[in-house]
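The file query.txt contains compact mmCIF, C-alpha atoms and all ligand atoms:
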```txt
# COMPACT_ATOMS: atom_id res chain seq x y z
CA MET A 12 -60.08 -43.09 64.33
CA HIS A 13 -60.78 -46.16 66.48
CA SER A 14 -64.56 -45.70 66.57
CA LEU A 15 -64.59 -45.20 62.80
CA ILE A 16 -62.55 -48.38 62.23
CA ALA A 17 -64.99 -50.32 64.42
CA GLN A 18 -67.71 -49.26 61.96
CA ILE A 19 -65.97 -50.80 58.91
CA GLN A 20 -67.81 -53.91 57.67
CA PRO A 21 -66.38 -56.38 55.16
CA VAL A 22 -67.98 -56.01 51.72
CA ASP A 23 -71.13 -58.10 51.05
CA CYS A 24 -69.93 -61.23 49.20
CA ALA A 25 -73.49 -62.58 48.85
CA ALA A 26 -74.47 -59.42 46.93
CA GLY A 27 -71.38 -60.00 44.75
CA ASP A 28 -72.50 -63.59 44.03
CA ARG A 29 -75.96 -62.32 43.00
CA ALA A 30 -74.34 -59.74 40.69
CA ARG A 31 -72.09 -62.43 39.19
CA ALA A 32 -75.10 -64.67 38.46
CA TYR A 33 -77.08 -61.75 36.97
CA LEU A 34 -74.13 -60.80 34.72
CA ASP A 35 -74.36 -64.22 33.08
CA THR A 36 -78.03 -63.59 32.15
CA LEU A 37 -77.13 -60.44 30.16
CA THR A 38 -76.90 -60.52 26.36
CA LYS A 39 -73.18 -61.20 25.99
CA PRO A 40 -70.97 -64.27 26.14
CA PRO A 41 -70.20 -64.94 29.84
CA GLY A 42 -67.16 -62.93 30.99
CA SER A 43 -66.87 -61.05 27.70
CA LEU A 44 -66.92 -57.63 29.37
CA GLY A 45 -63.77 -58.58 31.27
CA MET A 46 -62.68 -56.22 34.04
CA LEU A 47 -65.92 -54.27 33.73
CA GLU A 48 -67.71 -57.36 35.06
CA GLN A 49 -65.33 -57.61 38.03
CA LEU A 50 -65.94 -53.92 38.67
CA ALA A 51 -69.75 -54.37 38.60
CA ILE A 52 -69.43 -57.28 41.06
CA GLN A 53 -67.26 -55.18 43.38
CA LEU A 54 -69.68 -52.22 43.28
CA SER A 55 -72.48 -54.64 44.24
CA GLU A 56 -70.39 -56.05 47.09
CA ILE A 57 -69.81 -52.51 48.37
CA SER A 58 -73.43 -51.33 48.13
CA GLY A 59 -75.44 -54.54 48.43
CA GLU A 60 -77.30 -53.44 45.27
CA ARG A 61 -77.22 -54.73 41.71
CA ALA A 62 -76.75 -51.29 40.10
CA PRO A 63 -75.80 -48.79 42.80
CA THR A 64 -75.81 -45.02 42.36
CA ILE A 65 -72.20 -43.80 42.37
CA THR A 66 -72.81 -40.18 41.32
CA PRO A 67 -71.93 -37.56 42.22
CA PRO A 68 -68.32 -38.44 43.00
CA GLY A 69 -66.46 -36.42 45.63
CA VAL A 70 -62.84 -35.57 44.84
CA VAL A 71 -60.68 -34.71 47.85
CA VAL A 72 -57.11 -33.48 47.29
CA PHE A 73 -54.82 -33.25 50.33
CA ALA A 74 -51.77 -30.96 50.16
CA ALA A 75 -48.69 -30.89 52.38
CA ASP A 76 -44.97 -30.16 52.27
CA HIS A 77 -42.08 -32.45 53.17
CA GLY A 78 -38.96 -31.50 55.13
CA VAL A 79 -36.97 -34.02 53.09
CA ALA A 80 -37.28 -31.66 50.10
CA ALA A 81 -34.22 -29.94 51.65
CA GLU A 82 -32.13 -32.98 50.59
CA GLY A 83 -32.61 -32.19 46.89
CA VAL A 84 -34.87 -35.17 46.12
CA SER A 85 -37.37 -33.43 43.81
CA ALA A 86 -37.01 -31.84 40.38
CA PHE A 87 -39.17 -28.91 41.61
CA PRO A 88 -38.83 -26.44 44.52
CA GLN A 89 -40.97 -26.75 47.65
CA ALA A 90 -42.81 -23.50 46.81
CA VAL A 91 -44.65 -25.38 44.02
CA THR A 92 -46.87 -27.14 46.59
CA ALA A 93 -48.47 -23.84 47.67
CA GLN A 94 -48.50 -22.52 44.11
CA MET A 95 -50.39 -25.60 42.93
CA VAL A 96 -52.87 -25.23 45.81
CA ALA A 97 -53.62 -21.74 44.45
CA ASN A 98 -53.98 -23.26 40.98
CA PHE A 99 -56.47 -25.82 42.38
CA ALA A 100 -58.41 -23.00 44.05
CA ASN A 101 -58.50 -21.10 40.75
CA GLY A 102 -59.74 -24.14 38.82
CA GLY A 103 -56.75 -24.44 36.47
CA ALA A 104 -55.09 -27.74 37.39
CA ALA A 105 -55.57 -31.08 35.62
CA ILE A 106 -57.73 -32.38 38.50
CA ASN A 107 -60.04 -29.36 38.16
CA VAL A 108 -60.56 -30.17 34.48
CA PHE A 109 -61.10 -33.90 35.04
CA ALA A 110 -63.34 -33.33 38.09
CA ARG A 111 -65.54 -31.01 36.01
CA GLN A 112 -65.80 -33.67 33.29
CA VAL A 113 -67.40 -36.11 35.76
CA ASN A 114 -69.46 -33.45 37.62
CA ALA A 115 -67.56 -34.08 40.83
CA ARG A 116 -67.66 -32.10 44.05
CA LEU A 117 -64.03 -31.02 44.57
CA GLU A 118 -62.44 -30.10 47.87
CA ILE A 119 -58.82 -29.08 48.46
CA VAL A 120 -57.51 -29.58 52.02
CA ASP A 121 -54.28 -28.06 53.35
CA VAL A 122 -52.98 -30.49 55.98
CA GLY A 123 -49.37 -29.26 56.05
CA VAL A 124 -48.31 -26.73 53.43
CA VAL A 125 -45.36 -24.62 54.62
CA SER A 126 -46.90 -21.26 53.72
CA ASP A 127 -50.40 -19.89 54.34
CA VAL A 128 -52.81 -20.96 51.61
CA ASP A 129 -56.08 -19.82 53.17
CA MET A 130 -58.06 -18.66 50.17
CA PRO A 131 -61.57 -19.36 48.91
CA GLY A 132 -61.78 -22.97 47.77
CA VAL A 133 -59.21 -24.28 50.26
CA VAL A 134 -60.14 -25.97 53.56
CA VAL A 135 -57.35 -25.21 56.02
CA ASN A 136 -56.70 -28.11 58.40
CA LYS A 137 -52.97 -27.54 58.83
CA ILE A 138 -51.51 -30.04 61.29
CA ARG A 139 -48.00 -28.52 61.06
CA ARG A 140 -45.97 -26.63 58.46
CA ALA A 141 -44.37 -29.54 56.55
CA SER A 142 -43.33 -32.91 57.89
CA GLY A 143 -39.87 -33.32 59.40
CA ASN A 144 -36.88 -34.15 57.19
CA ILE A 145 -36.91 -37.95 57.46
CA ALA A 146 -33.16 -38.11 56.80
CA ILE A 147 -32.60 -36.48 60.20
CA GLU A 148 -35.85 -36.70 62.22
CA ASN A 149 -39.25 -38.36 62.32
CA ALA A 150 -41.80 -37.07 59.80
CA MET A 151 -44.25 -36.22 62.58
CA LEU A 152 -45.34 -36.94 66.13
CA PRO A 153 -47.80 -39.80 66.69
CA GLU A 154 -50.53 -37.32 67.71
CA GLN A 155 -49.92 -35.38 64.47
CA ALA A 156 -50.36 -38.58 62.44
CA GLN A 157 -53.65 -39.16 64.27
CA ALA A 158 -54.74 -35.57 63.62
CA ALA A 159 -53.90 -35.81 59.91
CA ILE A 160 -55.78 -39.12 59.64
CA GLY A 161 -58.68 -37.32 61.33
CA ALA A 162 -58.49 -34.53 58.73
CA GLY A 163 -58.85 -37.15 56.01
CA ILE A 164 -61.79 -38.80 57.78
CA ASN A 165 -63.51 -35.41 58.17
CA ALA A 166 -63.06 -34.54 54.48
CA VAL A 167 -64.78 -37.78 53.40
CA ARG A 168 -67.49 -37.19 56.02
CA ARG A 169 -68.16 -33.75 54.43
CA ALA A 170 -68.34 -35.32 50.94
CA HIS A 171 -70.73 -38.00 52.25
CA GLN A 172 -72.91 -35.40 53.98
CA ALA A 173 -72.95 -33.33 50.77
CA GLY A 174 -74.47 -36.33 48.96
CA CYS A 175 -71.42 -37.83 47.23
CA ARG A 176 -71.86 -41.54 46.47
CA SER A 177 -68.24 -42.35 45.61
CA VAL A 178 -64.86 -40.87 46.46
CA ILE A 179 -61.68 -40.00 44.54
CA VAL A 180 -58.63 -39.21 46.68
CA GLY A 181 -55.68 -37.14 45.42
CA GLU A 182 -52.58 -35.40 46.77
CA MET A 183 -50.10 -32.62 46.11
CA GLY A 184 -46.77 -32.40 47.89
CA ILE A 185 -43.30 -31.73 46.55
CA ALA A 186 -40.96 -34.60 47.61
CA ASN A 187 -43.81 -36.94 48.56
CA THR A 188 -42.51 -39.71 46.26
CA THR A 189 -39.48 -39.85 48.61
CA ALA A 190 -41.70 -40.27 51.69
CA SER A 191 -43.90 -42.80 49.88
CA SER A 192 -40.91 -44.80 48.63
CA ALA A 193 -39.47 -44.92 52.15
CA MET A 194 -42.82 -46.08 53.56
CA LEU A 195 -43.26 -48.72 50.86
CA ALA A 196 -39.75 -50.12 51.40
CA ALA A 197 -40.45 -50.25 55.15
CA LEU A 198 -43.91 -51.83 54.81
CA THR A 199 -43.03 -54.45 52.18
CA GLY A 200 -39.28 -55.00 52.46
CA THR A 201 -38.83 -54.14 48.76
CA PRO A 202 -35.27 -52.85 48.10
CA VAL A 203 -35.21 -49.03 47.90
CA ALA A 204 -33.55 -49.06 44.47
CA GLN A 205 -36.59 -50.97 43.13
CA VAL A 206 -39.18 -48.48 44.38
CA VAL A 207 -37.45 -45.17 43.61
CA GLY A 208 -38.23 -43.35 40.39
CA ALA A 209 -38.12 -39.97 38.71
CA GLY A 210 -41.02 -38.44 40.64
CA THR A 211 -41.54 -35.03 39.04
CA GLY A 212 -38.55 -35.63 36.73
CA LEU A 213 -35.20 -36.55 38.33
CA ASN A 214 -32.45 -37.85 36.05
CA SER A 215 -30.74 -41.19 36.81
CA GLN A 216 -27.88 -39.53 38.76
CA GLN A 217 -30.37 -37.64 40.92
CA GLN A 218 -32.34 -40.85 41.49
CA ILE A 219 -29.20 -42.49 42.93
CA HIS A 220 -28.98 -39.60 45.40
CA LYS A 221 -32.69 -40.09 46.23
CA VAL A 222 -32.04 -43.80 46.95
CA ASN A 223 -29.17 -42.82 49.30
CA VAL A 224 -31.34 -40.30 51.17
CA ILE A 225 -34.10 -42.92 51.65
CA GLU A 226 -31.63 -45.60 52.78
CA ARG A 227 -30.23 -43.13 55.31
CA ALA A 228 -33.75 -42.39 56.57
CA LEU A 229 -34.61 -46.10 56.86
CA ALA A 230 -31.41 -46.77 58.82
CA ALA A 231 -31.76 -43.78 61.15
CA ARG A 232 -35.49 -43.77 61.96
CA HIS A 233 -37.03 -46.08 64.53
CA PHE A 234 -40.20 -47.78 63.40
CA GLU A 235 -41.89 -51.16 63.57
CA ALA A 236 -42.50 -52.44 60.02
CA SER A 237 -45.54 -54.42 61.17
CA GLN A 238 -47.07 -51.28 62.75
CA PRO A 239 -48.40 -49.07 59.91
CA LEU A 240 -48.87 -46.05 62.19
CA SER A 241 -45.24 -46.21 63.31
CA VAL A 242 -44.08 -46.32 59.66
CA LEU A 243 -46.37 -43.39 58.82
CA THR A 244 -45.13 -41.37 61.81
CA ALA A 245 -41.42 -42.01 61.13
CA LEU A 246 -41.32 -41.79 57.33
CA GLY A 247 -44.62 -40.52 55.93
CA GLY A 248 -46.24 -37.20 55.28
CA LEU A 249 -49.30 -35.29 56.43
CA GLU A 250 -51.18 -35.72 53.13
CA ILE A 251 -50.30 -39.44 53.11
CA ALA A 252 -51.78 -39.72 56.61
CA ALA A 253 -54.88 -37.76 55.55
CA MET A 254 -55.34 -40.05 52.51
CA THR A 255 -55.06 -43.05 54.82
CA GLY A 256 -57.89 -41.60 56.91
CA ALA A 257 -59.92 -40.91 53.76
CA TYR A 258 -59.77 -44.57 52.67
CA LEU A 259 -60.76 -45.71 56.17
CA ALA A 260 -63.72 -43.31 56.13
CA ALA A 261 -64.86 -44.33 52.63
CA ALA A 262 -64.96 -47.96 53.82
CA ALA A 263 -66.82 -46.99 57.01
CA TYR A 264 -69.45 -45.11 54.93
CA ARG A 265 -69.58 -47.99 52.39
CA LEU A 266 -68.53 -45.70 49.53
CA PRO A 267 -66.48 -46.99 46.60
CA VAL A 268 -63.19 -45.09 46.55
CA ILE A 269 -60.91 -44.79 43.52
CA VAL A 270 -57.21 -44.98 44.31
CA ASP A 271 -54.92 -42.80 42.16
CA GLY A 272 -51.19 -43.39 41.55
CA PHE A 273 -48.08 -44.20 43.57
CA ILE A 274 -48.49 -41.98 46.65
CA ALA A 275 -52.21 -42.78 46.84
CA SER A 276 -51.49 -46.52 46.69
CA VAL A 277 -48.95 -46.32 49.52
CA ALA A 278 -51.60 -44.56 51.62
CA ALA A 279 -54.13 -47.23 50.57
CA LEU A 280 -51.69 -49.97 51.63
CA THR A 281 -51.31 -48.21 55.00
CA ALA A 282 -55.11 -48.12 55.43
CA CYS A 283 -55.37 -51.83 54.53
CA ARG A 284 -52.62 -52.70 57.02
CA ILE A 285 -54.59 -50.79 59.70
CA CYS A 286 -57.87 -52.47 58.72
CA PRO A 287 -57.75 -55.24 56.06
CA ALA A 288 -61.51 -54.95 55.32
CA VAL A 289 -60.79 -51.60 53.61
CA SER A 290 -59.41 -53.41 50.54
CA GLY A 291 -62.88 -54.44 49.34
CA TYR A 292 -63.86 -50.76 48.93
CA LEU A 293 -60.82 -49.79 46.83
CA VAL A 294 -60.99 -49.49 43.04
CA PHE A 295 -57.59 -48.88 41.42
CA GLY A 296 -57.86 -46.18 38.77
CA HIS A 297 -54.58 -46.38 36.89
CA ARG A 298 -51.02 -47.70 36.85
CA SER A 299 -48.57 -44.85 37.40
CA GLU A 300 -45.22 -44.65 35.61
CA GLU A 301 -43.48 -44.39 39.00
CA PRO A 302 -41.70 -47.78 39.31
CA GLY A 303 -42.67 -48.25 42.98
CA HIS A 304 -46.32 -48.33 41.98
CA GLY A 305 -45.82 -51.91 40.72
CA ALA A 306 -44.57 -53.04 44.15
CA ALA A 307 -47.42 -51.19 45.90
CA LEU A 308 -50.04 -52.77 43.62
CA GLU A 309 -48.49 -56.19 44.17
CA ALA A 310 -48.69 -55.77 47.95
CA LEU A 311 -52.33 -54.75 47.54
CA GLU A 312 -53.01 -57.58 45.04
CA ALA A 313 -54.58 -54.93 42.82
CA THR A 314 -54.99 -54.53 39.07
CA PRO A 315 -55.67 -50.97 37.93
CA LEU A 316 -58.26 -50.16 35.29
CA LEU A 317 -56.10 -47.85 33.13
CA ALA A 318 -52.44 -47.60 32.12
CA LEU A 319 -51.96 -44.22 30.45
CA GLY A 320 -48.31 -43.57 31.26
CA MET A 321 -49.32 -40.91 33.77
CA ARG A 322 -47.37 -39.77 36.85
CA LEU A 323 -49.12 -36.56 37.89
CA GLY A 324 -50.97 -37.28 41.13
CA GLU A 325 -53.77 -34.89 42.28
CA GLY A 326 -56.28 -37.76 41.86
CA SER A 327 -56.07 -37.25 38.08
CA GLY A 328 -55.79 -40.93 37.08
CA ALA A 329 -58.58 -41.89 39.48
CA ALA A 330 -60.89 -39.20 38.06
CA LEU A 331 -60.21 -40.45 34.52
CA ALA A 332 -61.26 -43.97 35.58
CA PHE A 333 -64.60 -42.79 37.01
CA PRO A 334 -66.56 -43.16 33.72
CA LEU A 335 -65.66 -46.88 33.77
CA LEU A 336 -67.45 -47.22 37.12
CA GLN A 337 -70.44 -45.45 35.56
CA ALA A 338 -70.32 -47.87 32.62
CA ALA A 339 -70.25 -50.85 35.01
CA THR A 340 -73.39 -49.73 36.87
CA ALA A 341 -75.18 -48.72 33.63
CA MET A 342 -74.46 -52.16 32.19
CA MET A 343 -76.15 -53.76 35.23
CA ALA A 344 -79.12 -51.38 35.09
CA GLU A 345 -79.78 -51.19 31.35
CA MET A 346 -78.59 -54.28 29.45
CA ALA A 347 -81.21 -56.72 28.17
CA THR A 348 -81.17 -60.33 29.38
CA PHE A 349 -81.21 -63.35 27.03
CA THR A 350 -84.82 -63.94 28.08
CA SER A 351 -86.04 -60.33 27.69
CA ALA A 352 -84.39 -59.98 24.26
CA GLY A 353 -85.40 -63.48 23.07
CA ILE A 354 -81.83 -64.49 22.28
CA ALA A 355 -80.72 -68.12 22.40
CA ASP A 356 -78.54 -68.87 25.44
CA LYS A 357 -75.23 -70.76 25.24
CA THR A 358 -75.58 -74.36 24.00
CA ALA A 359 -75.11 -76.80 26.83
O1 LIG B 401 -49.34 -40.24 41.46
C1 LIG B 401 -48.21 -40.60 41.07
O2 LIG B 401 -47.98 -41.75 40.74
C2 LIG B 401 -47.10 -39.55 41.05
C3 LIG B 401 -45.85 -39.90 40.57
C4 LIG B 401 -44.86 -38.93 40.54
C5 LIG B 401 -45.13 -37.64 41.01
N1 LIG B 401 -46.36 -37.31 41.48
C6 LIG B 401 -46.64 -35.93 41.98
O3 LIG B 401 -45.44 -35.19 42.02
C7 LIG B 401 -45.15 -34.72 43.32
C8 LIG B 401 -44.11 -35.55 43.96
O4 LIG B 401 -42.97 -35.71 43.14
P1 LIG B 401 -41.53 -35.44 43.77
O5 LIG B 401 -40.58 -35.65 42.64
O6 LIG B 401 -41.56 -34.00 44.22
O7 LIG B 401 -41.37 -36.40 44.88
C9 LIG B 401 -46.45 -34.80 44.10
O8 LIG B 401 -47.10 -33.56 44.08
C10 LIG B 401 -47.23 -35.88 43.38
O9 LIG B 401 -48.60 -35.52 43.29
C11 LIG B 401 -47.34 -38.25 41.49
C1 LIG B 402 -46.39 -28.47 38.34
C2 LIG B 402 -46.71 -29.66 39.23
C3 LIG B 402 -48.04 -30.08 39.36
C4 LIG B 402 -48.31 -31.18 40.19
N1 LIG B 402 -49.44 -31.82 40.53
C5 LIG B 402 -49.17 -32.80 41.36
N2 LIG B 402 -47.86 -32.82 41.57
C6 LIG B 402 -47.29 -31.84 40.87
C7 LIG B 402 -45.96 -31.42 40.75
C8 LIG B 402 -45.67 -30.33 39.92
C9 LIG B 402 -44.26 -29.88 39.79
```

Spell out the structure here as structure tokens.
Amino acid sequence: MHSLIAQIQPVDCAAGDRARAYLDTLTKPPGSLGMLEQLAIQLSEISGERAPTITPPGVVVFAADHGVAAEGVSAFPQAVTAQMVANFANGGAAINVFARQVNARLEIVDVGVVSDVDMPGVVVNKIRRASGNIAIENAMLPEQAQAAIGAGINAVRRAHQAGCRSVIVGEMGIANTTASSAMLAALTGTPVAQVVGAGTGLNSQQQIHKVNVIERALAARHFEASQPLSVLTALGGLEIAAMTGAYLAAAAYRLPVIVDGFIASVAALTACRICPAVSGYLVFGHRSEEPGHGAALEALEATPLLALGMRLGEGSGAALAFPLLQAATAMMAEMATFTSAGIADKTA
């Protein structure tokens, strides 16, 4: 991890300035393409080019179980994690459909599912069988957090070596909104009641129980809020650690990476706390319905591209945002300028 972090360069602001100036020569009132213009500038900052190639995208979905599921904090049983991994391998999940729509390379990585899920289409990099129940023990050992981060780094390295020019990171893990909420409360100091939500579908009574479980975990675990790895080790999850590594690797390889919903954003915040230069490489795909996503986005000073009322995970919201990145680069490559089209520029 340390040698990879040493490789991370801040994004190229001069390339962003050139893109900003070029945008104002295109046949549109300055700024009229709104967030698409900001996106084009960011893609230039990441690549150093005016209209970088971002295809094909590589989708990586990390799966793991959570010991805290035993506390009754999810609307679904733990077995669903492994069952959904099989669904991913068979091509039937939402992320399979959306990845096919954008011609993405898709890889599923088991970093901590309780049961064996070694089947064609699944990369097995199991660090342990589920994280510990954070209400009574640490989520993982420090060396397991490092290994899971390494699994995330390796997955992005494989995507990069396979020719992917952008990355979409997703997750699957029953009870991972509990781990993410605990991490977010620890990292930002936001009250637990403000970050907890329905997850896969808890009612309001069940959400009160979830708040109590997280408050117990925060009181009983030892961590240093200013040390992201200690928060990850005490309260996180193996797929959250792997996603953290994936964002670090995307930045090291200078690849734009689309962040998905709540869990993905907590992992992105962890990566940015480890290495602040990562933030320049992150594009936020959508705003999740999970209430904690607002606090995570605020901590990241991020504005997502879409708000579709989604709360699925898997990288689904990030994959749906990918065509907007394509539109941003196509705009830079293909639009006429005022000069080339012979159109009168703004009056002085
Ligand atoms: O991405 C999101 O914002 C999101 C919000 C709520 C739930 N999820 C997904 O639902 C699962 C976690 O929900 P839960 O209730 O089991 O903690 C996990 O597999 C996530 O991918 C995802
Ligand atoms: C069915 C199902 C699919 C999911 N995909 C991501 N998280 C999920 C949680 C459930 C319960």

In terms of the shortest atom-to-atom distance over all atoms listed in the file, which of A:Thr188, A:Thr348, A:Gln49, A:Ser299 is closest to Leu335 (chain A)? A:Gln49

Name the residues in contact with Glu118 (chain A) at a cut-off of 7 Å, using only C-alpha atoms, excluding same-chain residues fewer than 2 positions from it; report them as a PyMOL selection string. chain A and resi 70-72+116+120

Quick one: residues within 10 Å of ligand LIG 402 (chain B), with all atoms listed in the file, as a ChimeraX atom specification? /A:72,74,85-92,94-96,98-99,104-106,181-188,210-212,322-327

List the spatial neighbours of Gln155 (chain A) as an MDAnalysis selection string - criterion: any atom at most 12 Å away, all atoms listed in the file, same-chain residues fewer than 3 positions off excluded. chainID A and resid 122:123 136:143 149:152 158:162 240:241 243:245 247:250 252:253

Can you tell me, as a short mmCIF file (atom, residue, chain, number, x, y, z; two decimals) with C-alpha atoms, in the coordinates of the input, what residues are no more than 10 Å from Leu50 (chain A) when counting all atoms listed in the file, ignoring any on the same chain fewer than 6 positions away?
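In the end it all went to out-v8.cif:
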```cif
data_model
loop_
_atom_site.label_atom_id
_atom_site.label_comp_id
_atom_site.auth_asym_id
_atom_site.auth_seq_id
_atom_site.Cartn_x
_atom_site.Cartn_y
_atom_site.Cartn_z
CA GLU A 56 -70.39 -56.05 47.09
CA VAL A 294 -60.99 -49.49 43.04
CA LEU A 316 -58.26 -50.16 35.29
CA LEU A 335 -65.66 -46.88 33.77
CA LEU A 336 -67.45 -47.22 37.12
CA ALA A 338 -70.32 -47.87 32.62
CA ALA A 339 -70.25 -50.85 35.01
CA THR A 340 -73.39 -49.73 36.87
#
```

A:Phe295, A:Tyr264, A:Phe234, A:Tyr258 ranked by distance to ligand LIG 401 (chain B), top pick (using only C-alpha atoms and all ligand atoms):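 So, comparing all the options, the nearest one is A:Phe295.
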
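CA of Ala347 (chain A) to CA of Leu293 (chain A) spans 28.5 Å [interatomic distance, one decimal].
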
Could you tell me how far CA of Asp23 (chain A) sits from CA of Val167 (chain A), in Å to one decimal place? 21.4 Å

Which residue gives the smallest distance to Arg227 (chain A) among A:Ala26, A:Val268, A:Ile147, A:Ala275, with only C-alpha atoms counted?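 For Arg227 (chain A), the nearest of the candidates is A:Ile147.
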
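Among the candidates A:Asp271, A:Asp356, A:Glu82, A:Glu48, the residue lying nearest to Gly296 (chain A) is A:Asp271 (atoms considered: only C-alpha atoms).
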
Report the centre and edge lengths, in Å to one decimal, of an axis-aligned box enclosing every atom of ligand LIG 401 (chain B) listed in the file, padded by 3 Å on each side, as lines of an AutoDock Vina configuration file.
```
center_x = -45.0
center_y = -37.7
center_z = 42.7
size_x = 14.8
size_y = 14.2
size_z = 10.3
```

With only C-alpha atoms and all ligand atoms as the basis for distance, which of A:Ser126, A:Ser290, A:Thr358, A:Ser191 is at the shortest distance from ligand LIG 401 (chain B)? A:Ser191

Using all atoms listed in the file, which of the listed residues (A:Arg168, A:Arg284, A:Arg61, A:His77) sits closest to ligand LIG 401 (chain B)?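 Closest to ligand LIG 401 (chain B) of all the choices is A:His77.
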
Would you mind exporting region 28-40 of chain A with C-alpha atoms, as a PDB file, in the first residue's frame?
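Dumped to decode_5.pdb:
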```
ATOM      1  CA  ASP A  28      -7.319  25.444 -16.883  1.00  0.00           C
ATOM      2  CA  ARG A  29      -6.689  24.668 -20.578  1.00  0.00           C
ATOM      3  CA  ALA A  30      -9.913  22.621 -20.715  1.00  0.00           C
ATOM      4  CA  ARG A  31     -11.836  25.459 -19.025  1.00  0.00           C
ATOM      5  CA  ALA A  32     -10.544  27.975 -21.589  1.00  0.00           C
ATOM      6  CA  TYR A  33     -11.332  25.620 -24.504  1.00  0.00           C
ATOM      7  CA  LEU A  34     -14.881  25.064 -23.190  1.00  0.00           C
ATOM      8  CA  ASP A  35     -15.554  28.788 -23.589  1.00  0.00           C
ATOM      9  CA  THR A  36     -14.611  28.611 -27.306  1.00  0.00           C
ATOM     10  CA  LEU A  37     -17.306  25.983 -28.001  1.00  0.00           C
ATOM     11  CA  THR A  38     -20.624  26.954 -29.598  1.00  0.00           C
ATOM     12  CA  LYS A  39     -22.688  27.477 -26.446  1.00  0.00           C
ATOM     13  CA  PRO A  40     -23.114  30.285 -23.949  1.00  0.00           C
TER      14      PRO A  40
END
```
